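Source file model_4.json; content: JSON, C-alpha atoms and all ligand atoms.
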[["chain", "number", "residue", "atom", "x", "y", "z"],
["B", 1, "MET", "CA", -110.25, -99.65, -218.32],
["B", 2, "PHE", "CA", -112.70, -102.51, -218.59],
["B", 3, "ASN", "CA", -110.84, -104.44, -215.88],
["B", 4, "TRP", "CA", -110.77, -101.37, -213.66],
["B", 5, "LEU", "CA", -114.55, -100.92, -213.93],
["B", 6, "LYS", "CA", -115.11, -104.60, -213.31],
["B", 7, "THR", "CA", -112.90, -104.50, -210.20],
["B", 8, "LYS", "CA", -114.83, -101.49, -208.86],
["B", 9, "ARG", "CA", -118.13, -103.24, -209.48],
["B", 10, "ARG", "CA", -116.84, -106.33, -207.69],
["B", 11, "GLU", "CA", -115.71, -104.30, -204.69],
["B", 12, "ARG", "CA", -119.17, -102.71, -204.45],
["B", 13, "ALA", "CA", -120.88, -106.12, -204.66],
["B", 14, "LEU", "CA", -119.04, -107.27, -201.55],
["B", 15, "THR", "CA", -120.80, -104.77, -199.32],
["B", 16, "THR", "CA", -124.19, -105.11, -201.02],
["B", 17, "TYR", "CA", -124.48, -108.90, -200.94],
["B", 18, "ALA", "CA", -122.65, -110.01, -197.78],
["B", 19, "LEU", "CA", -123.53, -113.62, -196.79],
["B", 20, "PRO", "CA", -125.54, -114.11, -193.56],
["B", 21, "ASP", "CA", -123.45, -115.47, -190.66],
["B", 22, "ASP", "CA", -125.65, -118.51, -189.98],
["B", 23, "GLU", "CA", -125.61, -119.65, -193.62],
["B", 24, "TRP", "CA", -121.87, -119.16, -193.88],
["B", 25, "ASN", "CA", -121.18, -121.05, -190.63],
["B", 26, "ALA", "CA", -123.49, -123.92, -191.62],
["B", 27, "ALA", "CA", -121.52, -124.39, -194.85],
["B", 28, "LEU", "CA", -118.15, -124.32, -193.04],
["B", 29, "ASN", "CA", -119.43, -126.98, -190.64],
["B", 30, "GLU", "CA", -119.84, -129.39, -193.53],
["B", 31, "LEU", "CA", -116.30, -128.87, -194.80],
["B", 32, "PRO", "CA", -113.90, -129.92, -192.02],
["B", 33, "PHE", "CA", -110.86, -129.36, -194.26],
["B", 34, "LEU", "CA", -111.48, -125.62, -193.87],
["B", 35, "ASP", "CA", -111.24, -125.83, -190.06],
["B", 36, "HIS", "CA", -107.59, -124.96, -189.76],
["B", 37, "TYR", "CA", -107.56, -121.89, -192.02],
["B", 38, "THR", "CA", -106.81, -118.66, -190.15],
["B", 39, "PRO", "CA", -109.69, -116.20, -189.54],
["B", 40, "GLU", "CA", -108.10, -113.79, -192.06],
["B", 41, "VAL", "CA", -108.05, -116.44, -194.78],
["B", 42, "LEU", "CA", -111.63, -117.48, -194.02],
["B", 43, "ALA", "CA", -112.75, -113.83, -194.21],
["B", 44, "ARG", "CA", -111.15, -113.57, -197.65],
["B", 45, "LEU", "CA", -112.74, -116.87, -198.68],
["B", 46, "ARG", "CA", -116.12, -115.55, -197.55],
["B", 47, "ASP", "CA", -115.71, -112.39, -199.66],
["B", 48, "LEU", "CA", -114.71, -114.42, -202.67],
["B", 49, "THR", "CA", -117.66, -116.79, -202.18],
["B", 50, "THR", "CA", -119.93, -113.73, -202.05],
["B", 51, "LEU", "CA", -118.58, -112.49, -205.37],
["B", 52, "PHE", "CA", -118.81, -115.95, -206.90],
["B", 53, "LEU", "CA", -122.49, -116.17, -205.94],
["B", 54, "VAL", "CA", -123.19, -112.68, -207.28],
["B", 55, "GLU", "CA", -121.59, -113.41, -210.65],
["B", 56, "LYS", "CA", -122.47, -117.05, -211.29],
["B", 57, "SER", "CA", -125.95, -118.56, -211.62],
["B", 58, "ILE", "CA", -126.37, -121.83, -209.80],
["B", 59, "VAL", "CA", -129.42, -123.49, -211.32],
["B", 60, "SER", "CA", -131.26, -126.78, -211.02],
["B", 61, "GLY", "CA", -130.88, -129.35, -213.80],
["B", 62, "ALA", "CA", -134.29, -130.84, -212.85],
["B", 63, "THR", "CA", -136.94, -128.26, -212.01],
["B", 64, "SER", "CA", -140.00, -130.56, -212.15],
["B", 65, "GLY", "CA", -141.00, -134.19, -211.71],
["B", 66, "GLU", "CA", -140.46, -136.52, -208.80],
["B", 67, "HIS", "CA", -136.69, -135.98, -208.84],
["B", 68, "ALA", "CA", -136.89, -132.19, -208.97],
["B", 69, "PHE", "CA", -133.94, -130.60, -207.24],
["B", 70, "GLU", "CA", -134.10, -127.29, -205.44],
["B", 71, "VAL", "CA", -131.01, -125.12, -205.27],
["B", 72, "THR", "CA", -131.19, -123.79, -201.69],
["B", 73, "PRO", "CA", -128.99, -121.04, -200.23],
["B", 74, "HIS", "CA", -127.05, -123.83, -198.45],
["B", 75, "VAL", "CA", -126.35, -125.64, -201.74],
["B", 76, "ARG", "CA", -125.25, -122.35, -203.32],
["B", 77, "ILE", "CA", -122.80, -121.53, -200.54],
["B", 78, "LEU", "CA", -121.35, -125.06, -200.44],
["B", 79, "ILE", "CA", -120.61, -124.89, -204.17],
["B", 80, "GLY", "CA", -119.43, -121.28, -204.03],
["B", 81, "VAL", "CA", -117.01, -121.77, -201.17],
["B", 82, "GLN", "CA", -115.33, -124.84, -202.68],
["B", 83, "ALA", "CA", -115.08, -123.24, -206.13],
["B", 84, "SER", "CA", -113.61, -120.11, -204.52],
["B", 85, "LEU", "CA", -110.97, -122.07, -202.62],
["B", 86, "LEU", "CA", -109.16, -122.80, -205.91],
["B", 87, "ILE", "CA", -108.71, -119.11, -206.77],
["B", 88, "LEU", "CA", -108.35, -117.76, -203.23],
["B", 89, "GLY", "CA", -104.66, -116.89, -203.52],
["B", 90, "ARG", "CA", -104.74, -115.91, -207.19],
["B", 91, "GLY", "CA", -104.94, -112.14, -206.94],
["B", 92, "ALA", "CA", -103.93, -109.21, -204.76],
["B", 93, "THR", "CA", -107.66, -108.71, -204.06],
["B", 94, "VAL", "CA", -110.62, -111.07, -204.29],
["B", 95, "ALA", "CA", -111.98, -108.96, -207.16],
["B", 96, "GLU", "CA", -108.78, -109.70, -209.06],
["B", 97, "ALA", "CA", -108.86, -113.40, -208.15],
["B", 98, "MET", "CA", -112.35, -113.73, -209.70],
["B", 99, "ARG", "CA", -110.84, -113.05, -213.12],
["B", 100, "ASP", "CA", -109.81, -116.70, -213.26],
["B", 101, "TYR", "CA", -113.50, -117.57, -213.53],
["B", 102, "ASP", "CA", -114.39, -114.95, -216.15],
["B", 103, "GLY", "CA", -116.00, -115.99, -219.42],
["B", 104, "TRP", "CA", -118.78, -118.36, -218.31],
["B", 105, "GLU", "CA", -121.82, -118.13, -216.08],
["B", 106, "ASN", "CA", -123.68, -121.26, -215.01],
["B", 107, "VAL", "CA", -123.34, -124.10, -212.55],
["B", 108, "VAL", "CA", -126.07, -126.71, -213.14],
["B", 109, "VAL", "CA", -126.90, -129.06, -210.26],
["B", 110, "TYR", "CA", -128.64, -132.38, -210.92],
["B", 111, "PRO", "CA", -130.51, -134.65, -208.45],
["B", 112, "GLY", "CA", -128.28, -137.59, -209.46],
["B", 113, "ASP", "CA", -125.80, -138.74, -212.11],
["B", 114, "PHE", "CA", -126.73, -137.40, -215.52],
["B", 115, "PRO", "CA", -126.06, -138.35, -219.16],
["B", 116, "ARG", "CA", -122.88, -136.88, -220.59],
["B", 117, "THR", "CA", -123.76, -133.85, -222.67],
["B", 118, "HIS", "CA", -120.41, -133.31, -224.27],
["B", 119, "ASP", "CA", -118.61, -135.36, -226.92],
["B", 120, "PHE", "CA", -115.00, -136.18, -226.22],
["B", 121, "GLU", "CA", -112.10, -137.03, -228.46],
["B", 122, "ASP", "CA", -109.83, -140.00, -227.77],
["B", 123, "GLU", "CA", -106.08, -140.09, -228.39],
["B", 124, "ALA", "CA", -106.62, -141.23, -231.98],
["B", 125, "GLY", "CA", -108.83, -138.19, -232.63],
["B", 126, "VAL", "CA", -112.08, -140.20, -232.73],
["B", 127, "VAL", "CA", -115.05, -138.37, -231.23],
["B", 128, "HIS", "CA", -117.23, -140.29, -228.75],
["B", 129, "ARG", "CA", -120.23, -139.67, -226.61],
["B", 130, "SER", "CA", -120.32, -142.02, -223.67],
["B", 131, "ALA", "CA", -123.72, -143.39, -222.66],
["B", 132, "GLU", "CA", -122.59, -143.87, -219.10],
["B", 133, "PRO", "CA", -124.10, -141.37, -216.61],
["B", 134, "ILE", "CA", -121.56, -139.09, -214.97],
["B", 135, "ALA", "CA", -121.33, -137.21, -211.67],
["B", 136, "GLY", "CA", -119.67, -134.05, -212.93],
["B", 137, "GLU", "CA", -118.59, -132.25, -216.08],
["B", 138, "SER", "CA", -116.81, -129.01, -216.85],
["B", 139, "TRP", "CA", -117.00, -127.22, -220.21],
["B", 140, "GLU", "CA", -114.36, -124.94, -221.59],
["B", 141, "GLY", "CA", -115.99, -121.48, -221.68],
["B", 142, "GLY", "CA", -119.29, -123.02, -220.50],
["B", 143, "PRO", "CA", -121.04, -124.39, -217.45],
["B", 144, "VAL", "CA", -119.96, -126.72, -214.68],
["B", 145, "LEU", "CA", -122.41, -129.60, -214.14],
["B", 146, "LEU", "CA", -122.65, -131.43, -210.81],
["B", 147, "SER", "CA", -124.64, -134.33, -209.36],
["B", 148, "TRP", "CA", -125.66, -133.21, -205.87],
["B", 149, "PRO", "CA", -125.58, -136.71, -204.26],
["B", 150, "ALA", "CA", -122.03, -137.12, -205.58],
["B", 151, "VAL", "CA", -121.06, -133.76, -204.09],
["B", 152, "GLU", "CA", -122.44, -134.82, -200.72],
["B", 153, "ALA", "CA", -120.93, -138.33, -200.87],
["B", 154, "GLY", "CA", -117.48, -136.75, -200.94],
["B", 155, "TYR", "CA", -117.92, -135.35, -197.44],
["B", 156, "ASP", "CA", -117.81, -138.88, -196.02],
["B", 157, "GLU", "CA", -114.66, -139.81, -197.90],
["B", 158, "THR", "CA", -111.58, -137.94, -196.91],
["B", 159, "GLY", "CA", -109.75, -136.35, -199.77],
["B", 160, "MET", "CA", -112.72, -136.41, -202.17],
["B", 161, "ALA", "CA", -114.49, -133.23, -203.21],
["B", 162, "LEU", "CA", -116.33, -133.23, -206.55],
["B", 163, "VAL", "CA", -116.81, -129.46, -206.63],
["B", 164, "ILE", "CA", -113.06, -128.91, -206.29],
["B", 165, "HIS", "CA", -112.49, -131.59, -208.97],
["B", 166, "GLU", "CA", -114.72, -129.96, -211.58],
["B", 167, "PHE", "CA", -113.39, -126.45, -210.92],
["B", 168, "ALA", "CA", -109.83, -127.81, -211.13],
["B", 169, "HIS", "CA", -110.72, -128.79, -214.73],
["B", 170, "LYS", "CA", -111.79, -125.15, -215.26],
["B", 171, "ILE", "CA", -108.37, -124.01, -214.00],
["B", 172, "ASP", "CA", -106.64, -126.55, -216.27],
["B", 173, "MET", "CA", -108.57, -125.13, -219.27],
["B", 174, "LEU", "CA", -107.58, -121.52, -218.57],
["B", 175, "ASP", "CA", -104.54, -121.65, -220.83],
["B", 176, "GLY", "CA", -106.59, -123.22, -223.64],
["B", 177, "ALA", "CA", -105.20, -126.75, -223.29],
["B", 178, "VAL", "CA", -106.57, -129.62, -221.20],
["B", 179, "ASN", "CA", -103.26, -131.12, -220.15],
["B", 180, "GLY", "CA", -103.05, -131.05, -216.36],
["B", 181, "LEU", "CA", -101.26, -127.69, -216.38],
["B", 182, "PRO", "CA", -102.80, -124.56, -214.90],
["B", 183, "PRO", "CA", -101.89, -121.24, -216.55],
["B", 184, "LEU", "CA", -98.22, -120.73, -215.68],
["B", 185, "LEU", "CA", -95.49, -118.28, -216.56],
["B", 186, "ALA", "CA", -92.98, -119.66, -219.04],
["B", 187, "SER", "CA", -90.39, -119.66, -216.25],
["B", 188, "GLU", "CA", -92.61, -121.87, -214.05],
["B", 189, "ARG", "CA", -93.94, -124.31, -216.61],
["B", 190, "ALA", "CA", -91.04, -126.76, -216.87],
["B", 191, "ALA", "CA", -90.80, -127.31, -213.10],
["B", 192, "PHE", "CA", -94.55, -127.86, -212.78],
["B", 193, "ARG", "CA", -94.65, -130.22, -215.75],
["B", 194, "ASP", "CA", -91.69, -132.24, -214.45],
["B", 195, "ALA", "CA", -93.28, -132.59, -211.02],
["B", 196, "ILE", "CA", -96.71, -133.64, -212.30],
["B", 197, "ASP", "CA", -95.19, -136.00, -214.90],
["B", 198, "VAL", "CA", -93.07, -137.79, -212.30],
["B", 199, "ALA", "CA", -96.00, -138.07, -209.87],
["B", 200, "TYR", "CA", -98.41, -139.22, -212.60],
["B", 201, "ALA", "CA", -95.99, -141.86, -213.95],
["B", 202, "HIS", "CA", -95.43, -143.22, -210.46],
["B", 203, "PHE", "CA", -99.15, -143.26, -209.72],
["B", 204, "CYS", "CA", -100.04, -145.03, -213.00],
["B", 205, "GLY", "CA", -97.35, -147.61, -212.19],
["B", 206, "CYS", "CA", -99.02, -148.35, -208.85],
["B", 207, "VAL", "CA", -102.46, -148.62, -210.45],
["B", 208, "ASP", "CA", -101.10, -150.88, -213.23],
["B", 209, "ARG", "CA", -99.67, -153.21, -210.61],
["B", 210, "ASN", "CA", -103.06, -153.25, -208.82],
["B", 211, "LEU", "CA", -101.58, -151.73, -205.69],
["B", 212, "ASP", "CA", -103.96, -150.24, -203.18],
["B", 213, "THR", "CA", -103.56, -146.48, -203.66],
["B", 214, "ALA", "CA", -104.54, -143.90, -201.04],
["B", 215, "ILE", "CA", -105.49, -141.56, -203.90],
["B", 216, "ASP", "CA", -108.53, -142.47, -206.04],
["B", 217, "PRO", "CA", -107.29, -144.75, -208.88],
["B", 218, "TYR", "CA", -109.49, -142.77, -211.29],
["B", 219, "ALA", "CA", -106.57, -140.30, -211.27],
["B", 220, "ALA", "CA", -104.68, -142.75, -213.53],
["B", 221, "GLU", "CA", -107.27, -142.16, -216.32],
["B", 222, "SER", "CA", -105.33, -139.26, -217.89],
["B", 223, "ILE", "CA", -103.00, -136.44, -216.86],
["B", 224, "ASP", "CA", -105.90, -133.96, -216.68],
["B", 225, "GLU", "CA", -107.87, -136.29, -214.39],
["B", 226, "PHE", "CA", -104.72, -136.73, -212.29],
["B", 227, "PHE", "CA", -104.54, -132.95, -211.92],
["B", 228, "ALA", "CA", -108.24, -132.67, -210.96],
["B", 229, "VAL", "CA", -108.15, -135.56, -208.47],
["B", 230, "THR", "CA", -104.93, -134.37, -206.85],
["B", 231, "CYS", "CA", -106.37, -130.84, -206.51],
["B", 232, "GLU", "CA", -109.17, -132.45, -204.46],
["B", 233, "VAL", "CA", -106.56, -134.16, -202.29],
["B", 234, "PHE", "CA", -104.42, -131.00, -202.08],
["B", 235, "PHE", "CA", -107.30, -129.08, -200.50],
["B", 236, "ALA", "CA", -109.31, -131.80, -198.76],
["B", 237, "GLU", "CA", -106.54, -134.06, -197.43],
["B", 238, "PRO", "CA", -103.29, -132.15, -197.99],
["B", 239, "GLU", "CA", -101.13, -134.22, -195.63],
["B", 240, "LEU", "CA", -101.70, -137.25, -197.87],
["B", 241, "LEU", "CA", -100.56, -135.52, -201.06],
["B", 242, "LEU", "CA", -97.54, -134.02, -199.30],
["B", 243, "LEU", "CA", -96.54, -137.47, -198.11],
["B", 244, "GLU", "CA", -97.02, -139.17, -201.51],
["B", 245, "TYR", "CA", -95.72, -136.51, -203.88],
["B", 246, "PRO", "CA", -93.87, -133.72, -202.03],
["B", 247, "ALA", "CA", -92.33, -132.11, -205.14],
["B", 248, "TYR", "CA", -95.70, -131.97, -206.93],
["B", 249, "PHE", "CA", -97.38, -130.74, -203.73],
["B", 250, "ALA", "CA", -94.89, -127.84, -203.66],
["B", 251, "GLN", "CA", -95.80, -126.94, -207.26],
["B", 252, "LEU", "CA", -99.53, -126.91, -206.48],
["B", 253, "GLN", "CA", -98.84, -124.82, -203.39],
["B", 254, "SER", "CA", -96.89, -122.28, -205.38],
["B", 255, "TYR", "CA", -99.58, -122.13, -208.12],
["B", 256, "PHE", "CA", -102.56, -121.81, -205.75],
["B", 257, "ARG", "CA", -100.55, -119.64, -203.32],
["B", 258, "VAL", "CA", -102.24, -121.47, -200.47],
["B", 259, "ASP", "CA", -100.67, -123.61, -197.77],
["B", 260, "PRO", "CA", -103.59, -125.97, -197.07],
["B", 261, "ILE", "CA", -101.83, -127.58, -194.09],
["B", 262, "ALA", "CA", -100.87, -124.43, -192.19],
["B", 263, "GLY", "CA", -104.09, -122.78, -193.40],
["B", 264, "HIS", "CA", -102.64, -119.55, -194.72],
["B", 265, "LEU", "CA", -101.87, -117.86, -198.02],
["B", 266, "VAL", "CA", -98.41, -118.08, -199.53],
["B", 267, "PRO", "CA", -97.10, -114.62, -200.48],
["B", 268, "GLN", "CA", -96.54, -114.02, -204.19],
["B", 301, "ZN", "ZN", -112.61, -135.14, -214.05]]
Could you rewrite the structure in this file as structure tokens?
Ligand SMILES: [Zn+2]
Amino acid sequence: MFNWLKTKRRERALTTYALPDDEWNAALNELPFLDHYTPEVLARLRDLTTLFLVEKSIVSGATSGEHAFEVTPHVRILIGVQASLLILGRGATVAEAMRDYDGWENVVVYPGDFPRTHDFEDEAGVVHRSAEPIAGESWEGGPVLLSWPAVEAGYDETGMALVIHEFAHKIDMLDGAVNGLPPLLASERAAFRDAIDVAYAHFCGCVDRNLDTAIDPYAAESIDEFFAVTCEVFFAEPELLLLEYPAYFAQLQSYFRVDPIAGHLVPQ
């Protein structure tokens, strides 16, 4: 019953808060990897972005001082559209797809890299807080934090998209474990895990041997970072990921239910 009411409310929001054409088109212009999606897919993406912006608060992490950052409508749409891309194929309707982002509310945007706010545990179970400033962070059940210059820097580098990276961590956390696996049916899990394990082992081998990798070597940091970085590549430079790791690419395609090369949704 609760889900039914929520779906109805979401459907109503779509007509009440439609995004203006000029603002939507300006955002698409900055994201060339969306160019080849069909008009139907882009219309669905626009609806989902609308819902995302109705339900999530995108707020500034620095509201005063010389480095104050203003969250403009353009900033909001750029974040909303890239976050929405990850859940675009994940429901029969966009209202249903939004369920993957239930349970948290805020995106905080900073004018630059920011101190890590979250402790992390290493493999030996020791808890650390790194002093090194970071460009993005994603909390389980909490906010997504982004450095705006780092978001914009990605547009000049093919295959890099910080917003997609941080929301990929959100997707990874959906099943309660941060392990590079999105929420999967039991029947799907083994094939996905095999494909990501093989790709990750190969990639770490290349990085260990100091080979020049087309994918950001940061992906060798851990399996969850590999998942987040390769989600960026899957959406922002899909031909590259298909070429490097075709079996893993196929698993991502079947999870996201999006063919990012042909630019259409993959039927369930
Ligand atoms: Zn990450």
Atomic separation - atom CA of Pro143 of chain B relative to atom CA of Phe167 of chain B, Å: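 Atom CA of Phe167 of chain B sits 10.3 Å away from atom CA of Pro143 of chain B.
With distances taken over only C-alpha atoms and all ligand atoms, B:Leu145 is the one residue among B:Leu42, B:Val198, B:Leu145, B:Val207 lying closest to ligand ZN 301 (chain B).
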Proximity to ligand ZN 301 (chain B) - best of B:Asp197, B:Glu132, B:Asp216, B:Glu225, only C-alpha atoms and all ligand atoms: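 Among the listed residues, the smallest separation from ligand ZN 301 (chain B) belongs to B:Glu225.
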Test item: residues lying within 7 Å of ligand ZN 301 (chain B) with only C-alpha atoms and all ligand atoms, as JSON, numbers by chain: {"B": [137, 165, 166, 169, 225, 228]}
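Taking only C-alpha atoms into account, Leu31 of chain B lies nearest to B:Val151 out of the set B:Ala95, B:Val151, B:Ala135, B:Cys231.
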If the box runs along x, y and z of the file and leaves 3 Å on each side of segment 73-78 of chain B, what are its centre and edge lengths in Å, one decimal, as AutoDock Vina command-line options?
--center_x -125.2 --center_y -123.3 --center_z -200.9 --size_x 13.6 --size_y 10.6 --size_z 10.9
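Proximity of B:Phe52, B:Trp4, B:Phe249, B:Trp24 to Phe192 of chain B, computed with only C-alpha atoms, is greatest for B:Phe249.
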Given only C-alpha atoms as the counted atoms, nearest of B:Gly65, B:Gly141, B:Gly136, B:Gly91 to Ala161 of chain B: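 Between B:Gly65, B:Gly141, B:Gly136, B:Gly91, the residue approaching Ala161 of chain B most closely is B:Gly136.
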From B:Arg90, B:His264, B:Lys6, B:Arg46, residue lying nearest Asn25 of chain B [only C-alpha atoms]: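 Once distances to Asn25 of chain B are computed over only C-alpha atoms, the minimum belongs to B:Arg46.
Atom pair atom CA of Ala153 of chain B / atom CA of Phe69 of chain B: separated by 16.4 Å.
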Point-to-point distance from atom CA of Val71 of chain B to atom CA of Val163 of chain B, Å rounded to tenths: 14.9 Å
Non-local contacts of Asp102 of chain B (12 Å; all atoms listed in the file; under 5 positions in same chain excluded) as a PyMOL selection string: chain B and resi 3+6+51-52+55-56+87+95-97+140-143+170-171+174
Pick out the residues sitting within 8 Å of Phe114 of chain B, and hand them over as a short mmCIF file (atom, residue, chain, number, x, y, z; two decimals) with C-alpha atoms, in the coordinates of the input; count all atoms listed in the file, and ignore anything fewer than 4 positions along from it in its own chain.
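Listing of out-v8.cif after writing:
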data_model
loop_
_atom_site.label_atom_id
_atom_site.label_comp_id
_atom_site.auth_asym_id
_atom_site.auth_seq_id
_atom_site.Cartn_x
_atom_site.Cartn_y
_atom_site.Cartn_z
CA TYR B 110 -128.64 -132.38 -210.92
CA PRO B 133 -124.10 -141.37 -216.61
CA ILE B 134 -121.56 -139.09 -214.97
CA ALA B 135 -121.33 -137.21 -211.67
CA SER B 147 -124.64 -134.33 -209.36
#
Would you mind putting N, CA and C atoms back on segment 21-49 of chain B and writing the result as a PDB file, in the coordinates of the input?
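rebuild-v1.pdb was written with the following content:
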ATOM      1  N   ASP B  21    -124.344-114.670-191.510  1.00  0.00           N
ATOM      2  CA  ASP B  21    -123.450-115.470-190.660  1.00  0.00           C
ATOM      3  C   ASP B  21    -123.900-116.922-190.512  1.00  0.00           C
ATOM      4  N   ASP B  22    -125.205-117.137-190.241  1.00  0.00           N
ATOM      5  CA  ASP B  22    -125.650-118.510-189.980  1.00  0.00           C
ATOM      6  C   ASP B  22    -125.471-119.389-191.200  1.00  0.00           C
ATOM      7  N   GLU B  23    -125.753-118.841-192.395  1.00  0.00           N
ATOM      8  CA  GLU B  23    -125.610-119.650-193.620  1.00  0.00           C
ATOM      9  C   GLU B  23    -124.133-119.945-193.904  1.00  0.00           C
ATOM     10  N   TRP B  24    -123.305-118.965-193.657  1.00  0.00           N
ATOM     11  CA  TRP B  24    -121.870-119.160-193.880  1.00  0.00           C
ATOM     12  C   TRP B  24    -121.323-120.224-192.914  1.00  0.00           C
ATOM     13  N   ASN B  25    -121.688-120.101-191.629  1.00  0.00           N
ATOM     14  CA  ASN B  25    -121.180-121.050-190.630  1.00  0.00           C
ATOM     15  C   ASN B  25    -121.692-122.474-190.886  1.00  0.00           C
ATOM     16  N   ALA B  26    -122.936-122.587-191.343  1.00  0.00           N
ATOM     17  CA  ALA B  26    -123.490-123.920-191.620  1.00  0.00           C
ATOM     18  C   ALA B  26    -122.703-124.592-192.752  1.00  0.00           C
ATOM     19  N   ALA B  27    -122.304-123.819-193.742  1.00  0.00           N
ATOM     20  CA  ALA B  27    -121.520-124.390-194.850  1.00  0.00           C
ATOM     21  C   ALA B  27    -120.137-124.817-194.353  1.00  0.00           C
ATOM     22  N   LEU B  28    -119.483-123.968-193.553  1.00  0.00           N
ATOM     23  CA  LEU B  28    -118.150-124.320-193.040  1.00  0.00           C
ATOM     24  C   LEU B  28    -118.193-125.595-192.216  1.00  0.00           C
ATOM     25  N   ASN B  29    -119.295-125.778-191.472  1.00  0.00           N
ATOM     26  CA  ASN B  29    -119.430-126.980-190.640  1.00  0.00           C
ATOM     27  C   ASN B  29    -119.405-128.262-191.445  1.00  0.00           C
ATOM     28  N   GLU B  30    -119.807-128.178-192.705  1.00  0.00           N
ATOM     29  CA  GLU B  30    -119.840-129.390-193.530  1.00  0.00           C
ATOM     30  C   GLU B  30    -118.498-129.661-194.202  1.00  0.00           C
ATOM     31  N   LEU B  31    -117.574-128.730-194.093  1.00  0.00           N
ATOM     32  CA  LEU B  31    -116.300-128.870-194.800  1.00  0.00           C
ATOM     33  C   LEU B  31    -115.145-128.815-193.792  1.00  0.00           C
ATOM     34  N   PRO B  32    -114.902-129.942-193.095  1.00  0.00           N
ATOM     35  CA  PRO B  32    -113.900-129.920-192.020  1.00  0.00           C
ATOM     36  C   PRO B  32    -112.501-129.547-192.498  1.00  0.00           C
ATOM     37  N   PHE B  33    -112.200-129.724-193.791  1.00  0.00           N
ATOM     38  CA  PHE B  33    -110.860-129.360-194.260  1.00  0.00           C
ATOM     39  C   PHE B  33    -110.627-127.849-194.246  1.00  0.00           C
ATOM     40  N   LEU B  34    -111.679-127.067-193.985  1.00  0.00           N
ATOM     41  CA  LEU B  34    -111.480-125.620-193.870  1.00  0.00           C
ATOM     42  C   LEU B  34    -111.215-125.183-192.427  1.00  0.00           C
ATOM     43  N   ASP B  35    -111.353-126.140-191.491  1.00  0.00           N
ATOM     44  CA  ASP B  35    -111.240-125.830-190.060  1.00  0.00           C
ATOM     45  C   ASP B  35    -109.976-125.093-189.659  1.00  0.00           C
ATOM     46  N   HIS B  36    -108.853-125.498-190.259  1.00  0.00           N
ATOM     47  CA  HIS B  36    -107.590-124.960-189.760  1.00  0.00           C
ATOM     48  C   HIS B  36    -107.123-123.702-190.498  1.00  0.00           C
ATOM     49  N   TYR B  37    -107.965-123.147-191.396  1.00  0.00           N
ATOM     50  CA  TYR B  37    -107.560-121.890-192.020  1.00  0.00           C
ATOM     51  C   TYR B  37    -107.694-120.744-191.007  1.00  0.00           C
ATOM     52  N   THR B  38    -106.796-119.785-191.099  1.00  0.00           N
ATOM     53  CA  THR B  38    -106.810-118.660-190.150  1.00  0.00           C
ATOM     54  C   THR B  38    -108.078-117.815-190.390  1.00  0.00           C
ATOM     55  N   PRO B  39    -108.508-117.063-189.373  1.00  0.00           N
ATOM     56  CA  PRO B  39    -109.690-116.200-189.540  1.00  0.00           C
ATOM     57  C   PRO B  39    -109.533-115.232-190.719  1.00  0.00           C
ATOM     58  N   GLU B  40    -108.312-114.736-190.953  1.00  0.00           N
ATOM     59  CA  GLU B  40    -108.100-113.790-192.060  1.00  0.00           C
ATOM     60  C   GLU B  40    -108.359-114.483-193.403  1.00  0.00           C
ATOM     61  N   VAL B  41    -107.865-115.717-193.520  1.00  0.00           N
ATOM     62  CA  VAL B  41    -108.050-116.440-194.780  1.00  0.00           C
ATOM     63  C   VAL B  41    -109.540-116.759-194.976  1.00  0.00           C
ATOM     64  N   LEU B  42    -110.200-117.157-193.902  1.00  0.00           N
ATOM     65  CA  LEU B  42    -111.630-117.480-194.020  1.00  0.00           C
ATOM     66  C   LEU B  42    -112.452-116.235-194.377  1.00  0.00           C
ATOM     67  N   ALA B  43    -112.030-115.068-193.868  1.00  0.00           N
ATOM     68  CA  ALA B  43    -112.750-113.830-194.210  1.00  0.00           C
ATOM     69  C   ALA B  43    -112.594-113.552-195.709  1.00  0.00           C
ATOM     70  N   ARG B  44    -111.387-113.784-196.217  1.00  0.00           N
ATOM     71  CA  ARG B  44    -111.150-113.570-197.650  1.00  0.00           C
ATOM     72  C   ARG B  44    -111.953-114.583-198.475  1.00  0.00           C
ATOM     73  N   LEU B  45    -111.984-115.827-197.986  1.00  0.00           N
ATOM     74  CA  LEU B  45    -112.740-116.870-198.680  1.00  0.00           C
ATOM     75  C   LEU B  45    -114.231-116.518-198.709  1.00  0.00           C
ATOM     76  N   ARG B  46    -114.709-115.947-197.613  1.00  0.00           N
ATOM     77  CA  ARG B  46    -116.120-115.550-197.550  1.00  0.00           C
ATOM     78  C   ARG B  46    -116.420-114.439-198.560  1.00  0.00           C
ATOM     79  N   ASP B  47    -115.528-113.463-198.664  1.00  0.00           N
ATOM     80  CA  ASP B  47    -115.710-112.390-199.660  1.00  0.00           C
ATOM     81  C   ASP B  47    -115.723-112.961-201.078  1.00  0.00           C
ATOM     82  N   LEU B  48    -114.801-113.862-201.327  1.00  0.00           N
ATOM     83  CA  LEU B  48    -114.710-114.420-202.670  1.00  0.00           C
ATOM     84  C   LEU B  48    -115.947-115.260-202.992  1.00  0.00           C
ATOM     85  N   THR B  49    -116.437-116.005-201.997  1.00  0.00           N
ATOM     86  CA  THR B  49    -117.660-116.790-202.180  1.00  0.00           C
ATOM     87  C   THR B  49    -118.837-115.853-202.490  1.00  0.00           C
TER      88      THR B  49
END
